[in-house]
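J.: Handing you a structure now.
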Amino acid sequence: MTDKNIVVETRELTKIYGDGHEVRALDGVNLVVRQGEVIAIVGPSGSGKSTLLNLLGALDRPTAGDVIFNGASLAQVRDLDRFRSQTVGFVFQTHNLIPTLTARENVEVPMYEAALSASKRRARAQELLALVGLGARLNSLPGQLSGGERQRVAIARSLANNPAIVLADEPTGNLDSKTTAETMNLITELNRTQGTTLIIVTHNAQVARETRRVIALRDGKIQQDAAVRSAFESDLVAFKNSALGQAILRSDGLPDSLRDIAPKLRELLTTV
Ligand SMILES: Nc1ncnc2c1ncn2[C@@H]1O[C@H](COP(=O)(O)OP(=O)(O)OP(=O)(O)O)[C@@H](O)[C@H]1O
Ligand SMILES: [Mg+2]
């Protein structure tokens with residue numbers, strides 16, 4: 001039986017590096033990622049976060065176990081480069097933009113493999129840069145952009161081929177806290193409006209709090225895989241449990257001042 005909502009799944013995924021002494025970087029990881037999820041992967045340095053991301057994105061092959069993408073095993077895929085460019089978008093800690101190309105040209109790079117005309121490529125790059133708020137900076141070179149803007153270009157580039165999933169390894173690692181917050185807002189916005197499925201490796205508790213599911217790795221194993229409520233949802237739950245929240249749900253004992261908006265509040269409170 002296949003679950004159509006599963007984008008990618010790992011089965012006993014294991015990676016052992018080594019010449020001389022072996023490093024078990026990933027050790028029997030089982031993971032299911034569904035369409036539209038935003039997942040943070042956290043864990044100490046060396047716990048296997050980047051290794052997991054690289055295997056999920058077919059940048060590397062596992063030692064044992066399997067990655068299954070849209071129901072098909074990656075072990076069966078002959079041309080991993082092609083698979084990757086069509087299916088996965090990457091955002092790295094350092095933006096990896098080409099310094100001599102403009103923002104628009106950088107976003108076009110992953111589209112070279114797709115059979116698109118130059119004008120379609122250009123239009124798509126413009127559309128993506130507008131989506132990340134850089135519609136006015138199409139012709140800027142990376143060196144003329146701020147760190148946060150460069151990371152926005154990298155996010156636009158990751159979306160170039162409409163990937164099934166975007167994998168981001170410490171995407172805010174080089175940004176200050178304000179720019180980190182802005183970048184995370186953009187990422188969650190993309191998830192909300194475009195339905196993009198995202199996995200974000202992060203050391204940053206602020207970033208992890210923004211996501212709805214946090215997977216903690218330790219010594220190459222999943223230590224915890226938990227759904228988390230956003231601060232907004234937590235506030236909403238607290239409100240729902242308050243005397244006023246209960247009155248709104250019962251439509252009883254409401255202050256006059258709330259009567260006209262009570263139906264909308266009731267609708268909201270029934271979502272948590
Ligand atoms: N190419 C490699 N060759 C040998 N060992 C490696 C290689 N890449 C990673 N490792 C080892 O595998 C383990 C997991 O590394 P990984 O890069 O996945 O950790 P991480 O959780 O991403 O850490 P960080 O937070 O520091 O980025 C570490 O012990 C690391 O030294
Ligand atoms: Mg890493």
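Lettering and numbering for the structure tokens are positional, with chains as A, B, ... in the shown order, residues counted from 1 in each chain, and ligands counted from 1 in the shown order.
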At a cut-off of 8 Å, can you tabulate as a tab-separated table every residue of chain A near ligand 1 together with its closest atom pair and the distance in Å to one decimal, using only C-alpha atoms and all ligand atoms and ordering rows by chain then number?

T.:
residue	atom	partner	partner_atom_place_in_ligand_line	distance
A:Ile16	CA	ligand 1	12 (O)	7.7
A:Tyr17	CA	ligand 1	4 (C)	4.7
A:Gly18	CA	ligand 1	4 (C)	5.6
A:Asp19	CA	ligand 1	4 (C)	7.9
A:Val23	CA	ligand 1	12 (O)	5.9
A:Arg24	CA	ligand 1	12 (O)	6.7
A:Ala25	CA	ligand 1	12 (O)	4.1
A:Leu26	CA	ligand 1	14 (C)	7.2
A:Val42	CA	ligand 1	21 (O)	7.9
A:Gly43	CA	ligand 1	21 (O)	6.3
A:Pro44	CA	ligand 1	25 (O)	5.8
A:Ser45	CA	ligand 1	25 (O)	3.5
A:Gly46	CA	ligand 1	19 (O)	3.4
A:Ser47	CA	ligand 1	21 (O)	4.0
A:Gly48	CA	ligand 1	18 (O)	3.2
A:Lys49	CA	ligand 1	21 (O)	3.8
A:Ser50	CA	ligand 1	22 (O)	3.7
A:Thr51	CA	ligand 1	18 (O)	3.7
A:Leu52	CA	ligand 1	18 (O)	6.5
A:Val201	CA	ligand 1	22 (O)	7.9
A:Thr202	CA	ligand 1	25 (O)	7.8
A:His203	CA	ligand 1	25 (O)	7.0
A:Leu217	CA	ligand 1	21 (O)	7.7
A:Asp219	CA	ligand 1	14 (C)	7.8
A:Gly220	CA	ligand 1	14 (C)	7.1

J.: Among segment 175-228 of chain A, which residues does DSSP mark as helix (DSSP H, G or I) when it is run on the backbone? Keep the chain and numbering as in the structure and answer as a list in words.

T.: Ser177, Lys178, Thr179, Thr180, Ala181, Glu182, Thr183, Met184, Asn185, Leu186, Ile187, Thr188, Glu189, Leu190, Asn191, Arg192, Thr193, Gln194, Ala205, Gln206, Val207, Ala208 and Arg209 of chain A

J.: Could you please take those selected residues and save N, CA and C atoms as an mmCIF file, in the first residue's frame?

T.:
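In the end it all went to again.cif:
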data_model
loop_
_atom_site.group_PDB
_atom_site.id
_atom_site.type_symbol
_atom_site.label_atom_id
_atom_site.label_comp_id
_atom_site.auth_asym_id
_atom_site.auth_seq_id
_atom_site.Cartn_x
_atom_site.Cartn_y
_atom_site.Cartn_z
ATOM 1 N N SER A 177 20.516 37.578 14.161
ATOM 2 C CA SER A 177 19.221 37.041 14.599
ATOM 3 C C SER A 177 18.047 37.696 13.879
ATOM 4 N N LYS A 178 18.186 38.987 13.533
ATOM 5 C CA LYS A 178 17.088 39.657 12.826
ATOM 6 C C LYS A 178 16.926 39.059 11.422
ATOM 7 N N THR A 179 18.060 38.893 10.731
ATOM 8 C CA THR A 179 18.000 38.343 9.373
ATOM 9 C C THR A 179 17.586 36.873 9.407
ATOM 10 N N THR A 180 17.978 36.158 10.464
ATOM 11 C CA THR A 180 17.533 34.773 10.644
ATOM 12 C C THR A 180 16.009 34.733 10.734
ATOM 13 N N ALA A 181 15.449 35.633 11.544
ATOM 14 C CA ALA A 181 13.989 35.664 11.706
ATOM 15 C C ALA A 181 13.321 35.970 10.369
ATOM 16 N N GLU A 182 13.881 36.925 9.620
ATOM 17 C CA GLU A 182 13.292 37.272 8.321
ATOM 18 C C GLU A 182 13.366 36.103 7.350
ATOM 19 N N THR A 183 14.503 35.416 7.364
ATOM 20 C CA THR A 183 14.674 34.282 6.449
ATOM 21 C C THR A 183 13.706 33.158 6.817
ATOM 22 N N MET A 184 13.542 32.914 8.127
ATOM 23 C CA MET A 184 12.603 31.878 8.546
ATOM 24 C C MET A 184 11.172 32.260 8.194
ATOM 25 N N ASN A 185 10.847 33.565 8.309
ATOM 26 C CA ASN A 185 9.511 34.008 7.900
ATOM 27 C C ASN A 185 9.286 33.692 6.428
ATOM 28 N N LEU A 186 10.312 33.960 5.639
ATOM 29 C CA LEU A 186 10.193 33.695 4.203
ATOM 30 C C LEU A 186 9.972 32.199 3.962
ATOM 31 N N ILE A 187 10.760 31.375 4.648
ATOM 32 C CA ILE A 187 10.662 29.924 4.449
ATOM 33 C C ILE A 187 9.281 29.405 4.857
ATOM 34 N N THR A 188 8.785 29.864 6.009
ATOM 35 C CA THR A 188 7.471 29.372 6.438
ATOM 36 C C THR A 188 6.367 29.918 5.520
ATOM 37 N N GLU A 189 6.580 31.126 5.018
ATOM 38 C CA GLU A 189 5.640 31.716 4.064
ATOM 39 C C GLU A 189 5.589 30.881 2.766
ATOM 40 N N LEU A 190 6.764 30.473 2.300
ATOM 41 C CA LEU A 190 6.822 29.650 1.083
ATOM 42 C C LEU A 190 6.099 28.336 1.310
ATOM 43 N N ASN A 191 6.261 27.799 2.529
ATOM 44 C CA ASN A 191 5.582 26.559 2.851
ATOM 45 C C ASN A 191 4.074 26.759 2.824
ATOM 46 N N ARG A 192 3.633 27.871 3.399
ATOM 47 C CA ARG A 192 2.195 28.145 3.498
ATOM 48 C C ARG A 192 1.582 28.423 2.130
ATOM 49 N N THR A 193 2.255 29.273 1.342
ATOM 50 C CA THR A 193 1.642 29.713 0.088
ATOM 51 C C THR A 193 1.923 28.770 -1.077
ATOM 52 N N GLN A 194 3.112 28.141 -1.087
ATOM 53 C CA GLN A 194 3.460 27.277 -2.216
ATOM 54 C C GLN A 194 3.354 25.793 -1.864
ATOM 55 N N ALA A 205 17.858 27.381 18.103
ATOM 56 C CA ALA A 205 16.587 27.055 18.753
ATOM 57 C C ALA A 205 15.455 27.919 18.198
ATOM 58 N N GLN A 206 15.799 29.163 17.840
ATOM 59 C CA GLN A 206 14.805 30.087 17.275
ATOM 60 C C GLN A 206 14.229 29.511 15.970
ATOM 61 N N VAL A 207 15.118 28.953 15.152
ATOM 62 C CA VAL A 207 14.684 28.375 13.875
ATOM 63 C C VAL A 207 13.843 27.127 14.136
ATOM 64 N N ALA A 208 14.317 26.261 15.043
ATOM 65 C CA ALA A 208 13.596 25.014 15.314
ATOM 66 C C ALA A 208 12.186 25.297 15.839
ATOM 67 N N ARG A 209 12.049 26.373 16.624
ATOM 68 C CA ARG A 209 10.729 26.724 17.170
ATOM 69 C C ARG A 209 9.728 27.078 16.085
#

J.: Give me the residues within 10 Å of segment 132-138 of chain A as a ChimeraX atom specification, counting only C-alpha atoms and dropping any in the same chain fewer than 5 places off.

T.: /A:102-107,125-127,144-145,149-156,183,186-187,189-190

J.: Go through A:Asn30, A:Gln224, A:Ser85, A:Gln76 and flag the residue nearest Thr10 of chain A, using only C-alpha atoms for the distances.

T.: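 That would be A:Asn30, the residue with the smallest distance to Thr10 of chain A.
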
J.: What gap, in Å, lies between atom CA of Lys4 of chain A and atom CA of Arg34 of chain A?

T.: 8.7 Å

J.: Between A:Glu22, A:Glu210, A:Asp3, A:Gln93, which has the minimum distance to ligand 2 (counting only C-alpha atoms and all ligand atoms)?

T.: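 Answer, going by the shortest atom-to-atom distance: A:Gln93.
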
J.: Nearest residue to ligand 2 out of A:Leu129, A:Ala227, A:Leu236, A:Ala168, using only C-alpha atoms and all ligand atoms?

T.: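 That would be A:Ala168, the residue with the smallest distance to ligand 2.
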
J.: Nearest residue to ligand 2 out of A:Val38, A:Leu53, A:Val29, A:Ala114, using only C-alpha atoms and all ligand atoms?

T.: A:Leu53

J.: For Gly253 of chain A, list every protein, DNA or RNA residue within 10 Å, evaluated using only C-alpha atoms, and leave out those in the same chain fewer than 5 positions away; present the list as a PyMOL selection string.

T.: chain A and resi 243-244+246-248+259

J.: Do you have the atom CA of Asn70 of chain A-atom CA of Gln35 of chain A distance handy?

T.: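 A separation of 10.1 Å between them.
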
J.: Near Arg266 of chain A, within 9 Å and counting only C-alpha atoms, which residues show up once chain neighbours fewer than 5 positions away are dropped, as a JSON list (two decimals) with N, CA and C atoms, in the first residue's frame?

T.:
[["chain", "number", "residue", "atom", "x", "y", "z"],
["A", 245, "GLY", "N", -12.52, 31.56, 26.62],
["A", 245, "GLY", "CA", -12.45, 30.64, 25.47],
["A", 245, "GLY", "C", -13.57, 29.62, 25.53],
["A", 248, "ILE", "N", -16.85, 31.19, 24.65],
["A", 248, "ILE", "CA", -16.97, 31.39, 23.21],
["A", 248, "ILE", "C", -17.37, 30.07, 22.54],
["A", 249, "LEU", "N", -16.76, 28.98, 22.96],
["A", 249, "LEU", "CA", -17.08, 27.68, 22.35],
["A", 249, "LEU", "C", -18.51, 27.26, 22.65],
["A", 250, "ARG", "N", -19.00, 27.61, 23.87],
["A", 250, "ARG", "CA", -20.37, 27.26, 24.24],
["A", 250, "ARG", "C", -21.40, 28.23, 23.70],
["A", 251, "SER", "N", -20.92, 29.38, 23.20],
["A", 251, "SER", "CA", -21.81, 30.49, 22.79],
["A", 251, "SER", "C", -22.71, 30.89, 23.95],
["A", 261, "ILE", "N", -17.88, 39.11, 16.88],
["A", 261, "ILE", "CA", -16.74, 38.33, 16.36],
["A", 261, "ILE", "C", -16.68, 36.91, 16.92],
["A", 271, "THR", "N", -9.91, 24.80, 15.69],
["A", 271, "THR", "CA", -8.80, 24.24, 14.90],
["A", 271, "THR", "C", -7.67, 23.71, 15.78]]

J.: Go ahead and compute the interatomic distance for atom CA of Asp81 of chain A and atom CA of Tyr112 of chain A, in Å to one decimal.

T.: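 Calculated distance between atom CA of Asp81 of chain A and atom CA of Tyr112 of chain A is 12.9 Å.
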
J.: I want to know what sits within 7 Å of segment 59-69 of chain A, based on only C-alpha atoms, with residues of the same chain fewer than 6 positions away left out; could you give that as a list in words?

T.: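 Close residues of segment 59-69 of chain A: Val7, Val8, Glu9, Thr10, Arg11, Glu12, Leu13, Thr14, Lys15, Ile16 and Ala75 of chain A.
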
J.: List every residue of segment 71-249 of chain A that DSSP, applied to the backbone, labels as strand (DSSP E), and write the result as a list of chain:residue names.

T.: A:Ala72, A:Ser73, A:Val88, A:Gly89, A:Phe90, A:Val91, A:Ile165, A:Val166, A:Leu167, A:Ala168, A:Asp169, A:Leu198, A:Ile199, A:Ile200, A:Val201, A:Arg213, A:Val214, A:Ile215, A:Ala216, A:Leu217, A:Arg218, A:Lys221, A:Ile222, A:Gln223, A:Gln224, A:Asp225, A:Ala226, A:Ala227
